[in-house]
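Visitor: Compact mmCIF, C-alpha atoms, saved as query.txt, coming up:
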```txt
# COMPACT_ATOMS: atom_id res chain seq x y z
CA MET A 438 42.71 -72.84 129.17
CA SER A 439 39.01 -72.84 129.73
CA GLN A 440 38.94 -69.06 129.65
CA VAL A 441 40.46 -68.70 126.19
CA PRO A 442 37.24 -69.44 124.07
CA GLY A 443 35.25 -66.94 126.12
CA TRP A 444 37.89 -64.31 125.50
CA LEU A 445 38.00 -65.06 121.84
CA GLY A 446 34.19 -64.86 121.65
CA ARG A 447 34.24 -61.44 123.30
CA VAL A 448 36.97 -60.21 120.95
CA GLY A 449 34.95 -61.46 117.91
CA ALA A 450 31.80 -59.78 119.14
CA ARG A 451 33.77 -56.58 119.77
CA LEU A 452 35.22 -56.66 116.27
CA THR A 453 31.80 -57.28 114.78
CA GLU A 454 30.34 -54.32 116.63
CA MET A 455 33.21 -52.13 115.51
CA GLY A 456 32.73 -53.25 111.88
CA GLU A 457 29.02 -52.41 112.07
CA ARG A 458 29.80 -48.98 113.44
CA PHE A 459 32.41 -48.44 110.76
CA GLU A 460 29.96 -49.42 108.06
CA GLN A 461 27.34 -47.16 109.55
CA ARG A 462 29.75 -44.19 109.72
CA ARG A 463 30.89 -44.86 106.11
CA ALA A 464 27.28 -44.96 104.95
CA GLU A 465 26.62 -41.69 106.77
CA ALA A 466 29.77 -40.16 105.27
CA GLU A 467 28.72 -41.25 101.79
CA ARG A 468 25.23 -39.86 102.33
CA GLU A 469 26.64 -36.57 103.61
CA HIS A 470 29.05 -36.47 100.67
CA ALA A 471 26.21 -37.12 98.25
CA GLU A 472 24.10 -34.38 99.85
CA ALA A 473 27.05 -31.98 99.65
CA GLU A 474 27.51 -32.78 95.96
CA GLU A 475 23.85 -32.22 95.37
CA ARG A 476 24.09 -28.83 97.05
CA ASP A 477 27.18 -27.85 95.03
CA LEU A 478 25.72 -28.90 91.56
CA PRO A 479 24.19 -26.08 89.42
CA SER A 480 20.45 -26.15 88.83
CA VAL A 481 19.37 -27.83 85.65
CA PRO A 482 17.33 -25.32 83.54
CA VAL A 483 13.82 -26.37 82.74
CA PRO A 484 13.37 -26.49 79.00
CA PRO A 485 10.85 -23.90 77.80
CA THR A 486 7.48 -24.94 76.52
CA PRO A 487 7.75 -25.26 72.77
CA GLN A 488 5.84 -22.49 70.99
CA PRO A 489 3.71 -23.37 67.93
CA VAL A 490 5.51 -22.61 64.65
CA ILE A 491 3.50 -20.11 62.56
CA VAL A 492 3.90 -20.87 58.85
CA VAL A 493 3.12 -17.85 56.67
CA GLU A 494 1.51 -19.12 53.49
CA ARG A 495 2.49 -17.34 50.26
CA PRO A 496 -0.41 -15.87 48.32
CA ASP A 497 -1.54 -17.26 44.99
CA PRO A 498 0.51 -15.61 42.21
CA ALA A 499 -2.70 -14.67 40.39
CA GLN A 500 -3.89 -12.86 43.54
CA ALA A 501 -0.58 -11.03 43.84
CA VAL A 502 -0.99 -9.48 40.37
CA PRO A 503 -3.01 -6.24 40.39
CA TRP A 504 -6.57 -6.54 39.14
CA GLY A 505 -6.07 -4.17 36.21
CA VAL A 506 -3.04 -6.09 34.98
CA ARG A 507 -4.97 -9.37 35.22
CA VAL A 508 -7.84 -7.91 33.20
CA ALA A 509 -5.42 -6.58 30.59
CA ALA A 510 -3.67 -9.96 30.37
CA GLU A 511 -6.96 -11.85 30.05
CA ALA A 512 -8.12 -9.51 27.30
CA GLY A 513 -4.67 -9.59 25.67
CA TRP A 514 -4.37 -13.31 25.13
CA ARG A 515 -7.94 -13.50 23.87
CA LEU A 516 -7.18 -10.71 21.39
CA LEU A 517 -4.09 -12.60 20.31
CA VAL A 518 -6.19 -15.71 19.69
CA LEU A 519 -8.71 -13.68 17.70
CA ALA A 520 -5.95 -12.00 15.71
CA GLY A 521 -4.36 -15.37 14.94
CA THR A 522 -7.73 -16.78 13.89
CA LEU A 523 -8.38 -13.81 11.61
CA TRP A 524 -4.90 -14.09 10.12
CA VAL A 525 -5.41 -17.77 9.32
CA LEU A 526 -8.86 -17.02 7.92
CA MET A 527 -7.46 -14.25 5.71
CA ARG A 528 -4.75 -16.57 4.44
CA ILE A 529 -7.36 -19.16 3.54
CA ILE A 530 -9.53 -16.55 1.82
CA SER A 531 -6.52 -15.24 -0.11
CA ALA A 532 -5.74 -18.77 -1.29
CA VAL A 533 -9.29 -19.28 -2.59
CA GLN A 534 -10.12 -15.64 -3.28
CA LEU A 535 -11.78 -16.37 -6.62
CA VAL A 536 -14.16 -18.92 -5.09
CA VAL A 537 -15.01 -16.64 -2.15
CA LEU A 538 -15.74 -13.61 -4.34
CA ALA A 539 -17.81 -15.73 -6.72
CA PHE A 540 -19.89 -17.11 -3.85
CA VAL A 541 -20.37 -13.66 -2.30
CA ALA A 542 -21.44 -12.29 -5.68
CA ALA A 543 -23.89 -15.20 -5.91
CA LEU A 544 -25.29 -14.27 -2.49
CA LEU A 545 -25.79 -10.65 -3.58
CA ILE A 546 -27.47 -11.70 -6.84
CA THR A 547 -29.62 -14.21 -4.96
CA ALA A 548 -30.69 -11.52 -2.49
CA LEU A 549 -31.76 -9.41 -5.48
CA LEU A 550 -33.62 -12.20 -7.32
CA GLN A 551 -35.10 -14.17 -4.40
CA PRO A 552 -38.22 -11.95 -4.02
CA THR A 553 -39.08 -12.64 -7.68
CA VAL A 554 -38.87 -16.38 -7.05
CA GLY A 555 -41.18 -15.95 -4.07
CA ARG A 556 -43.75 -14.05 -6.14
CA LEU A 557 -43.72 -16.68 -8.89
CA ARG A 558 -44.12 -19.40 -6.27
CA ARG A 559 -47.16 -17.60 -4.83
CA LEU A 560 -48.63 -17.52 -8.34
CA GLY A 561 -48.56 -21.33 -8.37
CA LEU A 562 -45.44 -22.06 -10.39
CA PRO A 563 -43.20 -24.98 -9.29
CA ARG A 564 -39.96 -24.11 -7.58
CA SER A 565 -37.82 -25.32 -10.48
CA VAL A 566 -39.77 -23.31 -13.06
CA ALA A 567 -39.79 -20.16 -10.89
CA THR A 568 -36.05 -20.48 -10.29
CA ALA A 569 -35.28 -21.04 -13.97
CA LEU A 570 -37.40 -18.10 -15.15
CA THR A 571 -35.95 -15.74 -12.56
CA ALA A 572 -32.35 -16.77 -13.22
CA ILE A 573 -32.72 -16.55 -17.01
CA LEU A 574 -34.39 -13.13 -16.81
CA GLY A 575 -31.82 -11.79 -14.35
CA PHE A 576 -28.75 -13.01 -16.21
CA VAL A 577 -30.16 -11.88 -19.58
CA ILE A 578 -30.70 -8.37 -18.22
CA MET A 579 -27.17 -8.23 -16.77
CA GLY A 580 -25.71 -9.59 -20.01
CA LEU A 581 -27.61 -7.02 -22.07
CA ILE A 582 -26.31 -4.23 -19.85
CA GLY A 583 -22.73 -5.42 -20.33
CA TRP A 584 -23.21 -5.81 -24.07
CA PHE A 585 -24.79 -2.35 -24.35
CA VAL A 586 -21.92 -0.68 -22.52
CA THR A 587 -19.35 -2.44 -24.67
CA TRP A 588 -21.23 -1.57 -27.85
CA GLN A 589 -21.55 2.09 -26.91
CA VAL A 590 -17.86 2.36 -26.05
CA MET A 591 -16.78 0.70 -29.31
CA GLU A 592 -19.14 2.90 -31.31
CA ASN A 593 -17.90 6.12 -29.75
CA ILE A 594 -14.23 5.29 -29.21
CA ASP A 595 -13.07 6.88 -32.49
CA ASN A 596 -15.08 10.04 -31.93
CA LEU A 597 -13.93 10.16 -28.33
CA SER A 598 -10.26 9.77 -29.28
CA ASP A 599 -10.59 12.64 -31.80
CA GLN A 600 -12.25 14.81 -29.19
CA ILE A 601 -9.56 13.92 -26.66
CA GLN A 602 -6.89 14.94 -29.18
CA ASP A 603 -8.70 18.21 -29.81
CA GLY A 604 -8.96 18.73 -26.06
CA ILE A 605 -5.24 18.14 -25.66
CA ASP A 606 -4.53 20.68 -28.39
CA GLU A 607 -6.81 23.19 -26.71
CA LEU A 608 -5.08 22.54 -23.39
CA ARG A 609 -1.72 23.09 -25.04
CA LYS A 610 -2.82 26.41 -26.52
CA TRP A 611 -4.22 27.47 -23.15
CA LEU A 612 -0.95 26.61 -21.42
CA LEU A 613 1.04 28.59 -24.00
CA ASN A 614 -1.15 31.67 -23.48
CA SER A 615 -1.58 31.21 -19.71
CA PRO A 616 0.10 33.35 -17.05
CA PHE A 617 2.21 30.30 -16.05
CA HIS A 618 4.71 31.16 -18.84
CA VAL A 619 4.85 27.62 -20.20
CA THR A 620 6.85 27.42 -23.42
CA ASP A 621 6.41 25.15 -26.41
CA LYS A 622 9.79 23.53 -25.70
CA GLN A 623 8.70 22.56 -22.19
CA ILE A 624 5.51 20.96 -23.51
CA ASN A 625 7.50 19.04 -26.13
CA ASP A 626 9.94 17.88 -23.43
CA ILE A 627 7.04 16.57 -21.33
CA ALA A 628 5.63 14.68 -24.32
CA GLU A 629 9.06 13.28 -25.15
CA ASN A 630 9.52 12.10 -21.55
CA LEU A 631 6.16 10.36 -21.70
CA ARG A 632 7.11 8.57 -24.92
CA GLU A 633 10.44 7.49 -23.41
CA ALA A 634 8.70 6.22 -20.29
CA VAL A 635 6.34 4.16 -22.42
CA GLY A 636 9.22 2.80 -24.50
CA ALA A 637 11.29 1.92 -21.43
CA ASN A 638 8.38 0.05 -19.86
CA THR A 639 7.40 -1.93 -22.94
CA ASP A 640 8.26 -5.22 -21.25
CA GLN A 641 6.17 -4.34 -18.25
CA ILE A 642 3.26 -3.32 -20.46
CA THR A 643 3.55 -6.61 -22.35
CA SER A 644 3.60 -8.62 -19.14
CA ALA A 645 0.64 -6.62 -17.91
CA GLY A 646 -1.18 -7.60 -21.10
CA LEU A 647 -0.39 -11.24 -20.48
CA GLU A 648 -1.59 -10.86 -16.93
CA GLY A 649 -4.70 -9.26 -18.35
CA VAL A 650 -5.38 -12.45 -20.27
CA THR A 651 -5.06 -14.38 -17.02
CA VAL A 652 -7.42 -11.94 -15.35
CA VAL A 653 -9.97 -12.45 -18.13
CA VAL A 654 -9.78 -16.24 -17.70
CA GLU A 655 -10.20 -15.90 -13.94
CA ALA A 656 -13.10 -13.50 -14.44
CA LEU A 657 -14.88 -15.97 -16.71
CA THR A 658 -14.29 -18.75 -14.18
CA GLY A 659 -15.65 -16.56 -11.40
CA ILE A 660 -18.72 -15.68 -13.49
CA LEU A 661 -19.48 -19.35 -14.10
CA LEU A 662 -19.07 -20.15 -10.40
CA ALA A 663 -21.35 -17.24 -9.50
CA VAL A 664 -24.00 -18.40 -12.00
CA PHE A 665 -24.08 -21.98 -10.72
CA SER A 666 -24.01 -20.85 -7.08
CA THR A 667 -26.90 -18.47 -7.74
CA LEU A 668 -28.98 -21.23 -9.32
CA PHE A 669 -28.50 -23.55 -6.37
CA LEU A 670 -29.11 -20.81 -3.82
CA LEU A 671 -32.33 -19.76 -5.53
CA TYR A 672 -33.60 -23.31 -5.80
CA ASP A 673 -32.39 -24.90 -2.58
CA GLY A 674 -31.34 -22.05 -0.33
CA ARG A 675 -33.44 -23.08 2.67
CA ARG A 676 -32.08 -26.62 2.81
CA ILE A 677 -28.54 -25.34 2.36
CA TRP A 678 -29.07 -23.07 5.38
CA GLU A 679 -30.52 -25.91 7.46
CA TRP A 680 -27.53 -28.11 6.58
CA THR A 681 -25.19 -25.27 7.56
CA LEU A 682 -26.90 -25.02 10.94
CA LYS A 683 -26.05 -28.66 11.64
CA LEU A 684 -22.35 -27.76 11.54
CA ALA A 685 -22.77 -25.45 14.56
CA PRO A 686 -22.79 -26.74 18.16
CA ALA A 687 -26.22 -27.80 19.40
CA ALA A 688 -26.29 -25.09 22.08
CA ALA A 689 -25.70 -22.35 19.50
CA ARG A 690 -28.24 -23.52 16.91
CA PRO A 691 -31.32 -21.70 18.32
CA ALA A 692 -29.51 -18.36 18.32
CA LEU A 693 -28.07 -18.89 14.84
CA ALA A 694 -31.44 -20.07 13.54
CA GLY A 695 -32.93 -16.73 14.61
CA ALA A 696 -29.99 -14.63 13.41
CA GLY A 697 -29.88 -16.19 9.93
CA PRO A 698 -33.23 -14.92 8.60
CA ARG A 699 -32.57 -11.45 10.01
CA ALA A 700 -29.18 -11.34 8.34
CA TRP A 701 -30.75 -12.42 5.06
CA ARG A 702 -33.42 -9.71 5.31
CA THR A 703 -30.72 -7.14 5.94
CA LEU A 704 -28.72 -8.31 2.93
CA THR A 705 -31.82 -8.32 0.72
CA ALA A 706 -32.79 -4.81 1.85
CA TYR A 707 -29.25 -3.57 1.23
CA VAL A 708 -29.00 -5.02 -2.29
CA ARG A 709 -32.45 -3.87 -3.38
CA GLY A 710 -31.95 -0.41 -1.87
CA THR A 711 -28.52 -0.05 -3.47
CA VAL A 712 -29.90 -1.05 -6.87
CA ILE A 713 -32.68 1.53 -6.60
CA VAL A 714 -30.31 4.28 -5.45
CA ALA A 715 -27.77 3.42 -8.16
CA LEU A 716 -30.51 3.44 -10.81
CA ILE A 717 -31.72 6.87 -9.69
CA ASP A 718 -28.16 8.23 -9.72
CA ALA A 719 -27.49 6.83 -13.17
CA ILE A 720 -30.74 8.22 -14.61
CA PHE A 721 -30.42 11.75 -13.28
CA ILE A 722 -26.68 12.15 -13.82
CA GLY A 723 -27.02 10.54 -17.26
CA LEU A 724 -29.80 13.01 -18.18
CA GLY A 725 -27.64 15.91 -17.02
CA ILE A 726 -24.70 14.68 -19.09
CA TYR A 727 -26.96 14.12 -22.09
CA PHE A 728 -28.46 17.62 -22.02
CA LEU A 729 -24.95 19.09 -21.69
CA ASP A 730 -23.98 17.32 -24.97
CA VAL A 731 -21.24 15.25 -23.36
CA PRO A 732 -20.42 12.27 -25.62
CA MET A 733 -21.09 8.70 -24.46
CA ALA A 734 -23.76 9.84 -22.00
CA VAL A 735 -25.39 6.40 -21.85
CA PRO A 736 -22.18 4.41 -21.21
CA LEU A 737 -21.19 6.94 -18.55
CA ALA A 738 -24.60 6.52 -16.90
CA VAL A 739 -24.11 2.74 -16.90
CA PHE A 740 -20.67 3.19 -15.32
CA ILE A 741 -22.24 5.42 -12.67
CA PHE A 742 -24.80 2.68 -11.98
CA LEU A 743 -22.13 -0.01 -11.60
CA PHE A 744 -19.77 2.11 -9.49
CA ALA A 745 -22.62 3.01 -7.13
CA PHE A 746 -22.25 -0.48 -5.62
CA ILE A 747 -18.92 0.71 -4.13
CA PRO A 748 -20.02 3.14 -1.39
CA LEU A 749 -18.39 6.59 -1.33
CA VAL A 750 -15.44 5.60 -3.52
CA GLY A 751 -17.58 4.51 -6.47
CA ALA A 752 -19.49 7.78 -6.55
CA VAL A 753 -16.26 9.79 -6.52
CA VAL A 754 -14.65 7.71 -9.29
CA SER A 755 -17.68 7.68 -11.58
CA GLY A 756 -18.31 11.40 -11.06
CA ALA A 757 -14.66 12.21 -11.73
CA LEU A 758 -14.78 10.14 -14.93
CA ALA A 759 -17.81 12.08 -16.17
CA VAL A 760 -16.16 15.40 -15.34
CA VAL A 761 -12.92 14.43 -17.12
CA VAL A 762 -14.78 13.38 -20.27
CA ALA A 763 -16.72 16.65 -20.23
CA LEU A 764 -13.54 18.66 -19.69
CA VAL A 765 -11.66 17.00 -22.53
CA THR A 766 -14.52 17.06 -25.02
CA GLN A 767 -16.59 20.15 -24.20
CA GLY A 768 -14.37 22.48 -22.20
CA VAL A 769 -14.13 23.91 -18.71
CA PHE A 770 -17.65 25.36 -18.48
CA THR A 771 -19.32 22.07 -19.38
CA ALA A 772 -17.06 20.22 -16.94
CA VAL A 773 -18.08 22.59 -14.15
CA MET A 774 -21.75 22.06 -14.97
CA VAL A 775 -21.30 18.28 -14.97
CA LEU A 776 -19.55 18.54 -11.60
CA ALA A 777 -22.48 20.56 -10.24
CA VAL A 778 -24.97 17.96 -11.48
CA VAL A 779 -22.94 15.09 -9.97
CA LEU A 780 -22.60 16.82 -6.59
CA ALA A 781 -26.29 17.75 -6.47
CA VAL A 782 -27.46 14.21 -7.22
CA GLN A 783 -25.00 12.72 -4.74
CA GLN A 784 -26.14 15.10 -1.99
CA ILE A 785 -29.77 14.14 -2.62
CA GLU A 786 -28.74 10.48 -2.56
CA GLY A 787 -26.80 10.74 0.69
CA HIS A 788 -29.34 12.77 2.67
CA ILE A 789 -32.69 11.63 1.25
CA LEU A 790 -32.55 8.49 -0.89
CA GLN A 791 -30.34 6.24 1.21
CA PRO A 792 -32.01 6.93 4.61
CA PHE A 793 -35.48 6.59 3.04
CA ILE A 794 -34.87 3.54 0.82
CA LEU A 795 -32.32 1.56 2.81
CA GLY A 796 -33.87 2.35 6.19
CA ARG A 797 -32.49 1.75 9.65
CA ALA A 798 -31.98 -1.99 9.11
CA VAL A 799 -28.83 -1.45 7.06
CA ARG A 800 -27.70 1.93 8.34
CA VAL A 801 -23.96 1.96 8.90
CA HIS A 802 -21.91 4.84 10.28
CA PRO A 803 -19.93 6.71 7.58
CA LEU A 804 -16.67 6.00 9.40
CA ALA A 805 -17.44 2.28 9.35
CA VAL A 806 -18.23 2.56 5.64
CA VAL A 807 -14.93 4.28 4.85
CA LEU A 808 -12.85 1.85 6.92
CA SER A 809 -14.64 -1.24 5.62
CA VAL A 810 -14.33 -0.14 1.98
CA ALA A 811 -10.63 0.63 2.46
CA ALA A 812 -9.99 -2.70 4.19
CA GLY A 813 -11.98 -4.64 1.59
CA GLY A 814 -10.11 -2.92 -1.23
CA LEU A 815 -6.74 -3.70 0.31
CA VAL A 816 -7.64 -7.35 0.89
CA ALA A 817 -9.50 -8.23 -2.31
CA GLY A 818 -9.45 -5.23 -4.64
CA ILE A 819 -12.68 -3.97 -6.21
CA GLY A 820 -14.58 -7.12 -5.22
CA GLY A 821 -13.61 -6.65 -1.60
CA ALA A 822 -14.68 -3.00 -1.68
CA VAL A 823 -18.09 -4.03 -3.09
CA VAL A 824 -18.83 -6.69 -0.46
CA ALA A 825 -17.32 -4.82 2.52
CA VAL A 826 -20.31 -2.66 3.41
CA PRO A 827 -23.00 -5.38 3.12
CA LEU A 828 -20.76 -7.62 5.21
CA VAL A 829 -20.53 -4.94 7.91
CA ALA A 830 -24.32 -4.36 7.77
CA VAL A 831 -25.07 -8.08 8.11
CA THR A 832 -22.53 -8.44 10.93
CA ASN A 833 -24.12 -5.51 12.76
CA THR A 834 -27.55 -7.14 12.50
CA VAL A 835 -26.31 -10.55 13.65
CA VAL A 836 -24.36 -9.17 16.61
CA GLY A 837 -27.32 -7.07 17.73
CA TYR A 838 -29.69 -10.02 17.58
CA LEU A 839 -27.30 -12.37 19.40
CA ARG A 840 -26.80 -9.82 22.17
CA THR A 841 -30.55 -9.44 22.61
CA TYR A 842 -31.05 -13.21 22.47
CA ALA A 843 -28.42 -13.80 25.16
CA HIS A 844 -30.00 -11.14 27.38
CA GLU A 845 -33.46 -12.65 27.06
CA ALA A 846 -32.11 -16.16 27.62
CA ALA A 847 -30.45 -14.96 30.84
CA LEU A 848 -33.74 -13.43 31.98
CA ARG A 849 -35.60 -16.67 31.26
CA GLN A 850 -33.07 -18.75 33.20
CA SER A 851 -32.92 -16.45 36.23
CA PRO A 852 -35.12 -17.45 39.24
CA LYS A 853 -38.48 -15.75 39.54
CA PRO A 854 -38.73 -13.10 42.28
CA HIS A 855 -40.74 -13.82 45.43
CA GLY A 856 -42.47 -11.73 48.07
CA ALA A 857 -41.77 -8.02 48.11
CA THR A 858 -39.30 -8.37 45.27
CA ALA A 859 -42.02 -9.86 43.09
CA MET A 860 -44.32 -6.94 43.93
CA GLU A 861 -41.57 -4.46 43.06
CA LYS A 862 -40.90 -6.24 39.79
CA GLY A 863 -44.59 -6.21 38.98
CA SER A 864 -44.80 -2.47 39.58
CA GLU A 865 -41.91 -1.66 37.24
CA PRO A 866 -42.86 -0.41 33.75
CA PRO A 867 -42.23 -2.94 30.95
CA THR A 868 -39.02 -2.52 28.95
CA ALA A 869 -39.76 -4.98 26.18
CA GLY A 870 -39.50 -2.23 23.59
CA LYS A 871 -35.77 -2.04 24.18
CA ASP A 872 -34.90 -5.66 24.86
CA SER A 873 -37.23 -7.55 22.56
CA LEU A 874 -36.44 -8.65 19.04
CA SER A 875 -38.67 -5.96 17.61
CA GLY A 876 -36.17 -3.36 18.70
CA VAL A 877 -33.33 -4.81 16.62
```
What would you get if you wrote out this structure as structure tokens?

Guide:
Amino acid sequence: MSQVPGWLGRVGARLTEMGERFEQRRAEAEREHAEAEERDLPSVPVPPTPQPVIVVERPDPAQAVPWGVRVAAEAGWRLLVLAGTLWVLMRIISAVQLVVLAFVAALLITALLQPTVGRLRRLGLPRSVATALTAILGFVIMGLIGWFVTWQVMENIDNLSDQIQDGIDELRKWLLNSPFHVTDKQINDIAENLREAVGANTDQITSAGLEGVTVVVEALTGILLAVFSTLFLLYDGRRIWEWTLKLAPAAARPALAGAGPRAWRTLTAYVRGTVIVALIDAIFIGLGIYFLDVPMAVPLAVFIFLFAFIPLVGAVVSGALAVVVALVTQGVFTAVMVLAVVLAVQQIEGHILQPFILGRAVRVHPLAVVLSVAAGGLVAGIGGAVVAVPLVAVTNTVVGYLRTYAHEAALRQSPKPHGATAMEKGSEPPTAGKDSLSGV
């Protein structure tokens, strides 16, 4: 029995050794199995290095538009703004057309009378007395001219109507004996059609007469406005201009302060020159009409003087009126002679008098004259045609001065040259004759 525990101890030790070996072999088998699995697994791909994302920026839309289109668009919307501004301005002027024309007429009259006020002031008269004397003298002369024309027309209207009737009879006889084979029945039919047209339009003629009364009232109102405006402009024109300058932005006042006197000198030169040229036309054409025994020579000369204030168109209308009166009253030969006198005087006026009297300060291209007179006539009738050319002349002077002023201001603000550049600038010939104010 004593041997049994020893045997059991050896069996337990043997079992323990076998268990250790079994565990060792199982661990080796698991390790080999794990290695085999590792060899059989596919290789895991290495993720690529992320590349930087390039974002293509879209260009500015303004840069994508061609340069020429951008320039056209920029100029286009500015032109639209200017056109809208002009349209609104024209609507305002149309609404107060009577006031505008009266004030413009006052400016023209003031430009004509202002030198007289200056001379009286230099003689020692007070401003109020000089203004009153000048205004009274000027308006009395204009009133006498109007009265004289009316008186001459009323005095000669009966004689003129008889001569017109005789001229119509002579024209009828000439048509009957002319190679055009006009018959007496055709002439009577034309006269009958004229009488029917007048009878059918009686209502329109009556309404036109009523409108004529309205026109007379408006004309009187405009005359009164022009008279009062002229008085104030003659007496207090400088302070009115200084107050007007205060309405402009502060940065623009120096330029406007320099442009204003130049514009006024241009307007004064234009009005005085036009008066002198119109007076010469009226005198010489009136003398020609008088020596040709055309009736109402003096009223026709006054009409020529008044119509001379409408460039180009006025000369044509007044000359045609004189030729028609001569044709109706004195015959074809006298009408041809009157036409020759009118054309000769107008040629002398256009090529000698206007360039010599008006000078370069108010010289306007003939195309600009025609277009401005046409536009002024369409906008405001005869008054617009009268003020169109002086407006264009003044605008030309103002624009030229402002352009020169801006150029000189840019030169003053630019940095002074240094070194070799300064020496080169100093060696250049002066160009002040072109850029200075004396060249305007």

Visitor: Figure out the distance between CA of Ala715 in chain A and CA of Ala745 in chain A, please, to one decimal in Å.

Guide: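 These two atoms are separated by 5.3 Å.
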
Visitor: When you look at Leu545 in chain A with a cut-off of 8 Å (counting only C-alpha atoms), what residues show up, excluding the ones that are within fewer than 6 positions of it in the same chain? I need them as a ChimeraX atom specification.

Guide: /A:704-705,708

Visitor: Using only C-alpha atoms, which protein or nucleic acid residues come within 7 Å of Ala663 in chain A? Drop anything in the same chain fewer than 5 positions from it, and give the result as a PyMOL selection string.

Guide: chain A and resi 539-540+542-543
